[in-house]
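For reference, protein_5.cif (mmCIF, C-alpha atoms (C1' of nucleotides)):
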data_upload
loop_
_atom_site.label_atom_id
_atom_site.label_comp_id
_atom_site.auth_asym_id
_atom_site.auth_seq_id
_atom_site.Cartn_x
_atom_site.Cartn_y
_atom_site.Cartn_z
CA MET B 1 0.00 0.00 0.00
CA THR B 2 1.43 3.36 -1.02
CA GLN B 3 2.18 5.86 1.70
CA PRO B 4 -0.07 8.91 1.75
CA GLY B 5 2.91 11.24 1.83
CA TYR B 6 0.74 13.77 3.60
CA GLU B 7 -0.07 14.50 7.20
CA ALA B 8 -3.17 16.22 8.44
CA MET B 9 -3.06 19.94 9.18
CA LEU B 10 -4.20 20.59 12.75
CA ALA B 11 -6.22 23.37 14.32
CA THR B 12 -5.15 25.39 17.33
CA LEU B 13 -7.55 25.56 20.26
CA GLY B 14 -8.76 29.12 20.66
CA THR B 15 -11.54 31.40 21.78
CA ARG B 16 -14.04 33.68 20.11
CA ASP B 17 -11.57 36.53 20.43
CA ASP B 18 -8.98 34.72 18.34
CA VAL B 19 -11.44 34.77 15.46
CA VAL B 20 -13.48 37.91 15.97
CA GLY B 21 -10.83 40.01 17.68
CA HIS B 22 -8.35 40.29 14.84
CA GLY B 23 -9.33 42.18 11.74
CA ASP B 24 -12.17 41.34 9.46
CA GLN B 25 -14.42 38.43 10.34
CA GLY B 26 -14.77 37.96 6.62
CA ASP B 27 -11.20 36.66 6.56
CA TRP B 28 -12.50 33.46 8.11
CA SER B 29 -14.49 30.58 6.77
CA LEU B 30 -16.58 28.93 9.48
CA GLU B 31 -17.50 25.28 9.75
CA MET B 32 -19.08 23.02 12.32
CA LYS B 33 -16.65 20.84 14.25
CA TRP B 34 -17.35 17.15 13.80
CA ASP B 35 -16.54 14.72 16.60
CA GLY B 36 -15.04 11.64 14.97
CA VAL B 37 -11.79 10.22 13.68
CA ARG B 38 -9.58 12.24 11.37
CA ALA B 39 -8.70 10.54 8.11
CA LEU B 40 -6.66 11.32 5.04
CA VAL B 41 -8.03 9.71 1.90
CA ARG B 42 -6.04 8.66 -1.12
CA VAL B 43 -7.93 7.67 -4.24
CA GLU B 44 -5.91 6.08 -7.05
CA LEU B 45 -6.94 4.96 -10.48
CA GLN B 46 -5.66 1.48 -11.24
CA ASP B 47 -6.73 -0.31 -14.41
CA GLY B 48 -9.72 2.00 -14.66
CA ARG B 49 -10.86 1.23 -11.13
CA SER B 50 -10.70 3.44 -8.07
CA THR B 51 -8.74 2.16 -5.10
CA VAL B 52 -9.17 3.96 -1.81
CA SER B 53 -6.87 4.06 1.21
CA LEU B 54 -7.73 5.69 4.52
CA THR B 55 -5.10 6.74 7.03
CA SER B 56 -5.48 7.94 10.59
CA ARG B 57 -3.47 10.73 12.15
CA ASN B 58 -0.84 8.25 13.31
CA HIS B 59 -0.37 6.74 9.87
CA LYS B 60 -2.46 3.74 10.68
CA THR B 61 -4.42 2.25 7.82
CA GLN B 62 -8.12 2.61 8.56
CA GLY B 63 -9.67 1.38 5.35
CA PRO B 64 -10.44 -2.22 6.38
CA GLY B 65 -12.30 -0.95 9.43
CA TYR B 66 -14.75 1.16 7.42
CA PRO B 67 -15.66 -0.82 4.28
CA GLU B 68 -18.82 1.21 3.65
CA VAL B 69 -16.81 4.45 3.68
CA VAL B 70 -14.20 3.06 1.32
CA GLU B 71 -16.90 1.84 -1.01
CA GLY B 72 -18.70 5.18 -0.87
CA LEU B 73 -15.50 7.06 -1.63
CA SER B 74 -14.75 4.92 -4.67
CA ARG B 75 -18.09 6.04 -6.10
CA ALA B 76 -17.91 9.65 -4.95
CA VAL B 77 -14.50 10.61 -6.30
CA ARG B 78 -13.49 10.38 -9.95
CA GLY B 79 -9.81 10.12 -10.78
CA GLN B 80 -6.78 10.53 -8.56
CA ALA B 81 -7.08 12.62 -5.41
CA VAL B 82 -5.91 13.13 -1.84
CA LEU B 83 -8.61 14.40 0.50
CA ASP B 84 -8.96 15.32 4.15
CA GLY B 85 -11.97 14.61 6.31
CA GLU B 86 -13.49 13.18 9.45
CA ILE B 87 -15.02 9.73 9.84
CA VAL B 88 -18.18 10.07 11.90
CA ALA B 89 -21.04 7.94 13.19
CA LEU B 90 -24.34 9.73 13.61
CA ASP B 91 -26.55 9.31 16.67
CA ALA B 92 -30.34 9.09 16.64
CA LYS B 93 -30.61 12.85 16.19
CA GLY B 94 -28.20 12.94 13.29
CA ARG B 95 -25.27 14.35 15.23
CA PRO B 96 -21.76 12.92 14.95
CA SER B 97 -21.22 10.87 18.09
CA PHE B 98 -17.74 9.85 19.07
CA ALA B 99 -19.20 7.37 21.55
CA ARG B 100 -20.96 5.54 18.74
CA LEU B 101 -17.87 5.56 16.57
CA GLN B 102 -15.81 4.02 19.33
CA HIS B 103 -17.53 0.72 18.69
CA ARG B 104 -15.94 0.77 15.26
CA ILE B 105 -12.41 1.63 16.37
CA ASN B 106 -9.95 -1.26 16.77
CA LEU B 107 -12.20 -3.90 15.28
CA ALA B 108 -10.02 -6.39 13.44
CA ASP B 109 -12.17 -9.38 12.52
CA PRO B 110 -13.79 -8.80 9.09
CA ARG B 111 -17.03 -10.47 10.17
CA GLU B 112 -17.26 -8.24 13.23
CA ILE B 113 -16.58 -5.21 11.07
CA ARG B 114 -19.28 -6.11 8.59
CA ARG B 115 -21.79 -6.60 11.37
CA ALA B 116 -20.83 -3.34 13.06
CA ALA B 117 -20.99 -1.48 9.74
CA GLU B 118 -24.62 -2.49 9.40
CA GLN B 119 -25.58 -1.61 12.94
CA VAL B 120 -23.54 1.60 13.23
CA PRO B 121 -22.76 2.79 9.71
CA ALA B 122 -20.04 5.39 9.44
CA GLN B 123 -19.74 8.28 7.04
CA ILE B 124 -16.91 10.53 6.03
CA PHE B 125 -17.30 14.30 6.05
CA LEU B 126 -14.78 15.76 3.59
CA PHE B 127 -13.50 19.28 4.02
CA ASP B 128 -10.27 19.63 2.06
CA LEU B 129 -8.58 18.61 -1.17
CA LEU B 130 -4.79 18.28 -1.15
CA GLU B 131 -4.11 16.77 -4.53
CA GLN B 132 -6.05 16.14 -7.71
CA ASP B 133 -4.86 14.20 -10.76
CA ASP B 134 -1.33 14.26 -9.28
CA GLU B 135 -1.38 18.04 -9.04
CA PRO B 136 -0.55 19.30 -5.53
CA LEU B 137 -3.10 21.82 -4.31
CA VAL B 138 -1.78 22.53 -0.82
CA GLY B 139 -0.39 25.87 -1.97
CA LEU B 140 -3.79 27.15 -3.06
CA PRO B 141 -5.93 29.32 -0.78
CA TYR B 142 -8.42 27.41 1.33
CA THR B 143 -11.44 28.74 -0.52
CA GLU B 144 -10.07 27.53 -3.84
CA ARG B 145 -9.34 24.07 -2.52
CA ARG B 146 -12.82 24.03 -1.08
CA ALA B 147 -14.39 24.97 -4.41
CA ARG B 148 -12.45 22.27 -6.23
CA LEU B 149 -13.46 19.76 -3.55
CA ALA B 150 -17.13 20.57 -4.05
CA ALA B 151 -16.75 20.21 -7.81
CA LEU B 152 -14.91 16.90 -7.53
CA VAL B 153 -17.04 15.00 -5.07
CA THR B 154 -20.44 13.51 -5.83
CA GLU B 155 -22.05 12.98 -2.44
CA ASN B 156 -23.67 9.70 -1.51
CA GLU B 157 -24.99 8.09 1.68
CA SER B 158 -21.46 7.49 3.00
CA VAL B 159 -19.68 10.59 1.71
CA LYS B 160 -20.65 14.16 2.51
CA VAL B 161 -19.10 17.58 1.93
CA PRO B 162 -20.67 19.72 4.65
CA PRO B 163 -20.75 23.32 3.48
CA ALA B 164 -18.99 26.12 5.29
CA VAL B 165 -21.61 28.16 7.13
CA ASP B 166 -22.13 31.54 5.59
CA GLU B 167 -22.67 33.40 8.83
CA ASP B 168 -20.81 35.47 11.36
CA PHE B 169 -19.08 33.77 14.24
CA ASP B 170 -21.74 34.34 16.87
CA HIS B 171 -24.43 32.95 14.63
CA ALA B 172 -22.36 29.87 13.78
CA TRP B 173 -21.58 29.44 17.47
CA ARG B 174 -25.27 29.47 18.42
CA THR B 175 -26.06 27.07 15.61
CA SER B 176 -23.39 24.61 16.75
CA ASP B 177 -24.75 24.83 20.29
CA GLU B 178 -28.35 24.28 19.25
CA LEU B 179 -27.37 21.29 17.15
CA GLY B 180 -25.41 19.83 20.05
CA LEU B 181 -22.12 19.90 18.15
CA GLU B 182 -18.62 20.10 19.56
CA GLY B 183 -17.94 23.64 18.42
CA VAL B 184 -16.83 25.70 15.47
CA ILE B 185 -13.73 25.64 13.28
CA ALA B 186 -12.58 28.90 11.72
CA LYS B 187 -10.20 28.70 8.77
CA ARG B 188 -8.45 31.62 7.13
CA ARG B 189 -9.82 31.89 3.63
CA ASP B 190 -6.47 32.71 2.07
CA SER B 191 -4.40 30.13 3.98
CA ARG B 192 -2.53 27.26 2.38
CA TYR B 193 -2.63 23.72 3.71
CA ALA B 194 0.18 23.39 6.29
CA VAL B 195 0.99 19.69 5.98
CA GLY B 196 1.48 18.00 9.35
CA ARG B 197 1.50 21.26 11.28
CA ARG B 198 -0.67 22.96 13.87
CA THR B 199 -1.28 26.58 12.91
CA ARG B 200 -3.45 29.49 13.84
CA ASP B 201 -4.79 29.53 10.31
CA TRP B 202 -7.25 26.97 11.65
CA ILE B 203 -8.80 27.80 15.03
CA LYS B 204 -11.13 25.43 16.84
CA VAL B 205 -13.47 26.92 19.40
CA LYS B 206 -15.21 24.32 21.51
CA HIS B 207 -18.21 24.34 23.76
CA ALA B 208 -17.03 23.60 27.27
CA ARG B 209 -19.11 22.88 30.32
CA THR B 210 -18.18 23.45 33.92
CA GLN B 211 -19.12 21.31 36.87
CA GLU B 212 -18.58 21.67 40.59
CA VAL B 213 -17.10 18.50 42.04
CA VAL B 214 -16.40 17.10 45.50
CA ILE B 215 -12.99 15.53 45.97
CA GLY B 216 -13.33 12.06 47.48
CA GLY B 217 -9.82 10.76 46.97
CA TRP B 218 -6.73 10.78 44.83
CA ARG B 219 -4.29 8.54 43.05
CA PRO B 220 -0.53 8.95 43.22
CA GLY B 221 1.17 9.98 40.01
CA GLN B 222 3.92 8.44 37.92
CA GLY B 223 7.32 9.62 36.80
CA ARG B 224 7.87 13.23 37.78
CA ARG B 225 4.62 13.16 39.72
CA ALA B 226 5.37 9.93 41.60
CA ARG B 227 5.71 11.72 44.97
CA THR B 228 2.59 13.78 44.51
CA VAL B 229 -0.91 13.65 43.07
CA GLY B 230 -1.62 11.94 39.75
CA SER B 231 -5.32 12.56 39.65
CA LEU B 232 -8.26 13.47 41.87
CA LEU B 233 -11.27 11.20 42.27
CA LEU B 234 -14.41 13.27 41.85
CA GLY B 235 -18.00 13.00 42.93
CA VAL B 236 -21.31 14.84 42.94
CA GLY B 237 -24.30 14.34 45.21
CA ASP B 238 -27.09 12.14 43.88
CA ALA B 239 -30.81 12.45 44.60
CA GLU B 240 -30.39 10.81 48.02
CA GLY B 241 -27.44 13.03 48.84
CA ARG B 242 -24.89 10.23 48.53
CA LEU B 243 -21.60 10.91 46.79
CA GLN B 244 -21.73 9.58 43.24
CA TYR B 245 -18.45 8.87 41.45
CA VAL B 246 -18.03 10.83 38.20
CA GLY B 247 -14.42 10.11 37.22
CA ARG B 248 -10.98 11.61 37.70
CA VAL B 249 -9.15 14.74 36.73
CA GLY B 250 -5.38 14.74 36.24
CA THR B 251 -4.59 17.82 34.22
CA GLY B 252 -4.98 21.54 34.57
CA PHE B 253 -2.80 22.07 37.66
CA SER B 254 0.68 23.53 37.75
CA HIS B 255 3.50 21.94 39.76
CA ARG B 256 2.76 24.42 42.52
CA ASP B 257 -0.91 23.48 42.55
CA LEU B 258 0.08 19.83 42.89
CA ASP B 259 2.26 20.47 45.95
CA GLU B 260 -0.48 22.45 47.64
CA LEU B 261 -3.02 19.80 46.77
CA HIS B 262 -0.90 17.01 48.18
CA GLY B 263 -0.55 18.76 51.54
CA ARG B 264 -4.19 19.64 51.73
CA LEU B 265 -5.38 16.13 50.96
CA GLY B 266 -2.99 14.61 53.48
CA ARG B 267 -4.71 16.51 56.29
CA ILE B 268 -8.16 15.08 55.55
CA ALA B 269 -7.19 11.46 54.82
CA ARG B 270 -9.58 8.71 55.84
CA GLU B 271 -9.74 4.93 55.56
CA THR B 272 -12.87 4.25 53.53
CA ALA B 273 -14.17 5.36 50.17
CA PRO B 274 -16.71 8.17 50.40
CA PHE B 275 -18.28 7.11 47.10
CA HIS B 276 -21.17 4.67 47.21
CA ASP B 277 -20.56 3.41 43.69
CA ILE B 278 -16.81 3.37 43.04
CA PRO B 279 -15.78 0.55 40.64
CA ARG B 280 -13.04 -1.76 41.84
CA ALA B 281 -10.70 -0.80 39.05
CA ASP B 282 -10.99 2.88 39.94
CA ALA B 283 -10.54 2.21 43.65
CA ARG B 284 -7.22 0.51 43.07
CA ASP B 285 -4.31 2.37 44.71
CA ALA B 286 -6.64 5.21 45.67
CA HIS B 287 -6.19 7.32 48.81
CA TRP B 288 -9.50 8.41 50.32
CA VAL B 289 -10.29 11.76 51.86
CA THR B 290 -13.21 13.25 53.76
CA PRO B 291 -15.44 14.74 51.05
CA ARG B 292 -15.07 18.32 52.17
CA LEU B 293 -13.24 20.10 49.36
CA VAL B 294 -15.07 21.50 46.35
CA GLY B 295 -13.41 22.35 43.06
CA GLU B 296 -14.46 23.19 39.56
CA VAL B 297 -13.64 21.29 36.40
CA GLU B 298 -14.24 22.01 32.76
CA PHE B 299 -15.17 19.10 30.50
CA ALA B 300 -16.48 18.24 27.05
CA GLU B 301 -19.53 16.15 27.87
CA TRP B 302 -20.96 13.39 30.08
CA THR B 303 -20.22 9.88 28.87
CA ARG B 304 -22.85 7.16 28.79
CA ASP B 305 -21.43 5.82 32.05
CA GLY B 306 -21.88 9.15 33.81
CA ARG B 307 -18.21 10.15 33.65
CA LEU B 308 -16.63 13.44 32.72
CA ARG B 309 -15.06 13.38 29.28
CA GLN B 310 -11.85 15.37 28.82
CA PRO B 311 -11.89 16.87 32.31
CA ARG B 312 -9.40 19.56 33.37
CA TRP B 313 -8.99 21.26 36.73
CA ARG B 314 -10.02 24.89 36.97
CA GLY B 315 -9.58 25.64 40.65
CA TRP B 316 -11.09 25.61 44.12
CA ARG B 317 -14.62 26.62 44.96
CA GLU B 318 -14.14 27.50 48.61
CA ASP B 319 -17.50 29.24 48.54
CA LYS B 320 -19.42 26.05 47.82
CA ASP B 321 -20.95 23.59 50.26
CA PRO B 322 -19.93 20.01 49.37
CA GLN B 323 -23.33 18.77 50.54
CA ARG B 324 -25.05 20.79 47.85
CA VAL B 325 -22.94 19.88 44.85
CA ARG B 326 -25.12 18.29 42.17
CA ARG B 327 -24.75 17.40 38.53
CA GLU B 328 -25.52 20.58 36.61
"C1'" DT O 1 11.52 41.64 22.56
"C1'" DT O 2 7.55 38.87 22.11
"C1'" DC O 3 5.11 35.19 20.47
"C1'" DC O 4 4.30 30.83 18.08
"C1'" DG O 5 4.73 26.16 17.47
"C1'" DA O 6 7.10 21.80 18.37
"C1'" DC O 7 8.32 18.36 21.88
"C1'" DA O 8 8.23 15.85 25.98
"C1'" DG O 9 5.78 14.38 29.81
"C1'" DT O 10 2.01 14.14 32.70
"C1'" DG O 11 -3.10 13.16 33.18
"C1'" DG O 12 -8.41 11.70 31.41
"C1'" DG O 13 -12.68 8.15 29.06
"C1'" DG O 14 -13.76 4.22 26.24
"C1'" DT O 15 -13.04 0.01 23.35
"C1'" DC O 16 -10.82 -4.21 22.00
"C1'" DG O 17 -7.51 -8.02 22.33
"C1'" DC O 18 -4.49 -10.81 24.82
"C1'" DA O 19 -1.80 -12.49 28.70
"C1'" DA O 20 -1.67 -13.32 33.48
"C1'" DT O 21 -4.11 -14.65 37.43
"C1'" DA K 1 -13.98 -16.41 34.43
"C1'" DT K 2 -11.94 -12.33 35.88
"C1'" DT K 3 -8.47 -8.93 35.93
"C1'" DG K 4 -4.82 -6.19 34.27
"C1'" DC K 5 -2.47 -4.08 30.70
"C1'" DG K 6 -1.22 -2.10 26.28
"C1'" DA K 7 -2.66 -0.22 21.96
"C1'" DC K 8 -5.62 2.26 19.68
"C1'" DC K 9 -8.97 6.45 19.07
"C1'" DC K 10 -10.23 11.04 21.04
"C1'" DC K 11 -8.14 14.62 24.03
"C1'" DA K 12 -6.20 18.99 27.95
"C1'" DC K 13 -2.58 20.86 30.05
"C1'" DT K 14 2.30 22.44 31.90
"C1'" DA K 15 6.91 23.52 30.99
"C1'" DT K 16 10.70 24.38 27.96
"C1'" DC K 17 13.09 25.91 23.95
"C1'" DG K 18 14.42 27.64 19.37
"C1'" DG K 19 13.30 30.49 15.80
"C1'" DA K 20 10.07 33.42 13.43
"C1'" DA K 21 7.62 37.74 13.56
#

Please go through the file and, once you have read it, give me the structure as structure tokens.
Amino acid sequence: MTQPGYEAMLATLGTRDDVVGHGDQGDWSLEMKWDGVRALVRVELQDGRSTVSLTSRNHKTQGPGYPEVVEGLSRAVRGQAVLDGEIVALDAKGRPSFARLQHRINLADPREIRRAAEQVPAQIFLFDLLEQDDEPLVGLPYTERRARLAALVTENESVKVPPAVDEDFDHAWRTSDELGLEGVIAKRRDSRYAVGRRTRDWIKVKHARTQEVVIGGWRPGQGRRARTVGSLLLGVGDAEGRLQYVGRVGTGFSHRDLDELHGRLGRIARETAPFHDIPRADARDAHWVTPRLVGEVEFAEWTRDGRLRQPRWRGWREDKDPQRVRRE
DNA sequence: TTCCGACAGTGGGGTCGCAAT
DNA sequence: ATTGCGACCCCACTATCGGAA
């Protein structure tokens, strides 16, 4: 299998100000952010037939795992091309759901894959064109690549080219929120495709939620953090007022924060778990504390199992009563 | 000088596959 | 049969450094 020879361009995490604050908003093209698996697509013509290869961000071949996407691409794209997109699986409301797609990741057995493809069909959302008929296009402005992409691809049930939204940032932001999407991606209209690099020509702005959490324990860290805290075990009160386990947070604190945390937790140590529902695996090598301290975390969404996805520490909430912390 | 972007190193949830228990 | 662990996918964040702006 030929190597793609390309690597995906990455977006820099930013805020509204990074897009709206500098110059003309019209410099930016706005798109919805799709929550799935990034994939570079190579379509080759061999003996008059299209062959398709899919590659993940870490150069892993993805094609065998998504036969319906490969098949759809072979019909949707005429001739030789390299494209960039996101493999997604839609939920019942038609939104890309990473949780659903996870059932497709890592499947190896062809029979399993075929069965999964019928139950949870995947699609690819294409948003860039890097090469066409062996002509490199990465030097062209984004809007031109986009136009050529739209002209090249014939959409079908597995292959879509979601349009850029022709709105200002605040409007696009509200739309992404109402649709329950991850956020918005702003791309400079005149920017070239920076192969394998993370640039500010692409800015992703994501919806984040905050949640007050009660600290019920901690796990020691590894490596440089071996003598201090690796992560905090978090809980919120349930309907009966018991402490319900909602996962861990292990990022967002500076080295100084960690030292302070370690001392503070040591003073309220206790023998038993304050959570009523802590799984055995999560309780392993945990140190329990009296559930007295309240902090705030930012996170992407709740998982099906009631855990925080992509949690990061934001700081103490000394003003909050641990007894009153509830899922927001 | 300031800022950007790359790297390394820490941490998270979830899934699958396989080895150890 | 259960558990633990690594390899994947997605990621956030801190700290450092060299070079571009």

What are the residues of chain B lining chain O at 8 Å or less? Count all atoms listed in the file, and put the answer as a ChimeraX atom specification. /B:99,102-103,105-107,198-199,222,224-225,230-231,248-251,303,307-311

Within 10 Å of (-19.3, 16.6, 31.3) (coordinates as in the file), grab all the protein and nucleic acid residues, counting all atoms listed in the file, and write them out as a PyMOL selection string. chain B and resi 208-211+246+297-303+306-311+327-328

Each chain K residue no farther than 7 Å from chain B, nearest pair in Å, all atoms listed in the file, as a Markdown table:
| residue | atom | partner | partner_atom | distance |
| --- | --- | --- | --- | --- |
| K:DC8 | C1' | B:Asn106 | CA | 6.3 |
| K:DC9 | C1' | B:Ile105 | CA | 6.5 |
| K:DC11 | C1' | B:Gln310 | CA | 6.1 |
| K:DA12 | C1' | B:Arg312 | CA | 6.3 |
| K:DC13 | C1' | B:Gly252 | CA | 5.2 |
| K:DT14 | C1' | B:Ser254 | CA | 6.2 |

At a cut-off of 12 Å from (-21.2, 16.5, 10.6) in the coordinates of the file, what residues are picked up using only C-alpha atoms (C1' of nucleotides), written as an mmCIF file with C-alpha atoms, in the coordinates of the input?
data_model
loop_
_atom_site.group_PDB
_atom_site.id
_atom_site.type_symbol
_atom_site.label_atom_id
_atom_site.label_comp_id
_atom_site.auth_asym_id
_atom_site.auth_seq_id
_atom_site.Cartn_x
_atom_site.Cartn_y
_atom_site.Cartn_z
ATOM 1 C CA GLU B 31 -17.500 25.280 9.750
ATOM 2 C CA MET B 32 -19.080 23.020 12.320
ATOM 3 C CA LYS B 33 -16.650 20.840 14.250
ATOM 4 C CA TRP B 34 -17.350 17.150 13.800
ATOM 5 C CA ASP B 35 -16.540 14.720 16.600
ATOM 6 C CA GLY B 36 -15.040 11.640 14.970
ATOM 7 C CA VAL B 37 -11.790 10.220 13.680
ATOM 8 C CA GLY B 85 -11.970 14.610 6.310
ATOM 9 C CA GLU B 86 -13.490 13.180 9.450
ATOM 10 C CA ILE B 87 -15.020 9.730 9.840
ATOM 11 C CA VAL B 88 -18.180 10.070 11.900
ATOM 12 C CA ALA B 89 -21.040 7.940 13.190
ATOM 13 C CA LEU B 90 -24.340 9.730 13.610
ATOM 14 C CA ASP B 91 -26.550 9.310 16.670
ATOM 15 C CA LYS B 93 -30.610 12.850 16.190
ATOM 16 C CA GLY B 94 -28.200 12.940 13.290
ATOM 17 C CA ARG B 95 -25.270 14.350 15.230
ATOM 18 C CA PRO B 96 -21.760 12.920 14.950
ATOM 19 C CA SER B 97 -21.220 10.870 18.090
ATOM 20 C CA PHE B 98 -17.740 9.850 19.070
ATOM 21 C CA ALA B 122 -20.040 5.390 9.440
ATOM 22 C CA GLN B 123 -19.740 8.280 7.040
ATOM 23 C CA ILE B 124 -16.910 10.530 6.030
ATOM 24 C CA PHE B 125 -17.300 14.300 6.050
ATOM 25 C CA LEU B 126 -14.780 15.760 3.590
ATOM 26 C CA PHE B 127 -13.500 19.280 4.020
ATOM 27 C CA SER B 158 -21.460 7.490 3.000
ATOM 28 C CA VAL B 159 -19.680 10.590 1.710
ATOM 29 C CA LYS B 160 -20.650 14.160 2.510
ATOM 30 C CA VAL B 161 -19.100 17.580 1.930
ATOM 31 C CA PRO B 162 -20.670 19.720 4.650
ATOM 32 C CA PRO B 163 -20.750 23.320 3.480
ATOM 33 C CA ALA B 164 -18.990 26.120 5.290
ATOM 34 C CA SER B 176 -23.390 24.610 16.750
ATOM 35 C CA LEU B 179 -27.370 21.290 17.150
ATOM 36 C CA GLY B 180 -25.410 19.830 20.050
ATOM 37 C CA LEU B 181 -22.120 19.900 18.150
ATOM 38 C CA GLU B 182 -18.620 20.100 19.560
ATOM 39 C CA GLY B 183 -17.940 23.640 18.420
ATOM 40 C CA VAL B 184 -16.830 25.700 15.470
#

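Across the chains present, the PyMOL selection byres ((chain B and resi 295) around 9) applied to this file returns Gln211, Glu212, Val213, Val214, Ile215, Leu293, Val294, Glu296, Val297, Trp313, Arg314, Gly315, Trp316, Arg317, Glu318 and Lys320 of chain B.
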
Just to confirm, what's the straight-line distance from atom CA of B:Arg284 to atom CA of B:Gly216 in Å (one decimal)?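 Computed distance, atom CA of B:Arg284 to atom CA of B:Gly216, equals 13.8 Å.
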
Carefully work through the PyMOL selection byres ((chain B and resi 20) around 12) for this structure and note down the residues it includes, as a PyMOL selection string. chain B and resi 14-19+21-30+168-170+173+186+188+203+205

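The coordinates place atom CA of B:Leu232 at 19.5 Å from atom CA of B:Asp319.
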
Can you turn the PyMOL selection byres ((chain B and resi 291) around 12) into a concrete residue list for this file, as JSON, numbers by chain? {"B": [213, 214, 215, 216, 217, 218, 232, 233, 234, 235, 236, 237, 242, 243, 244, 245, 265, 268, 269, 270, 272, 273, 274, 275, 288, 289, 290, 292, 293, 294, 295, 321, 322, 323, 324, 325]}

Point-to-point distance in Å for atom CA of B:Leu258 and atom CA of B:Gly221: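 Computing it gives 10.3 Å between the two atoms.
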
Compare B:Gly266, B:Met9, B:Gly63, B:Val120 by their minimum atom-to-atom distance to B:Ala92, counting only C-alpha atoms, and give me the closest one.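 With only C-alpha atoms as the atom set, the closest residue is B:Val120.
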
In terms of the shortest atom-to-atom distance over only C-alpha atoms, which of B:His287, B:Glu7, B:His207, B:Ser191 is closest to B:Arg267?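 That would be B:His287, the residue with the smallest distance to B:Arg267.
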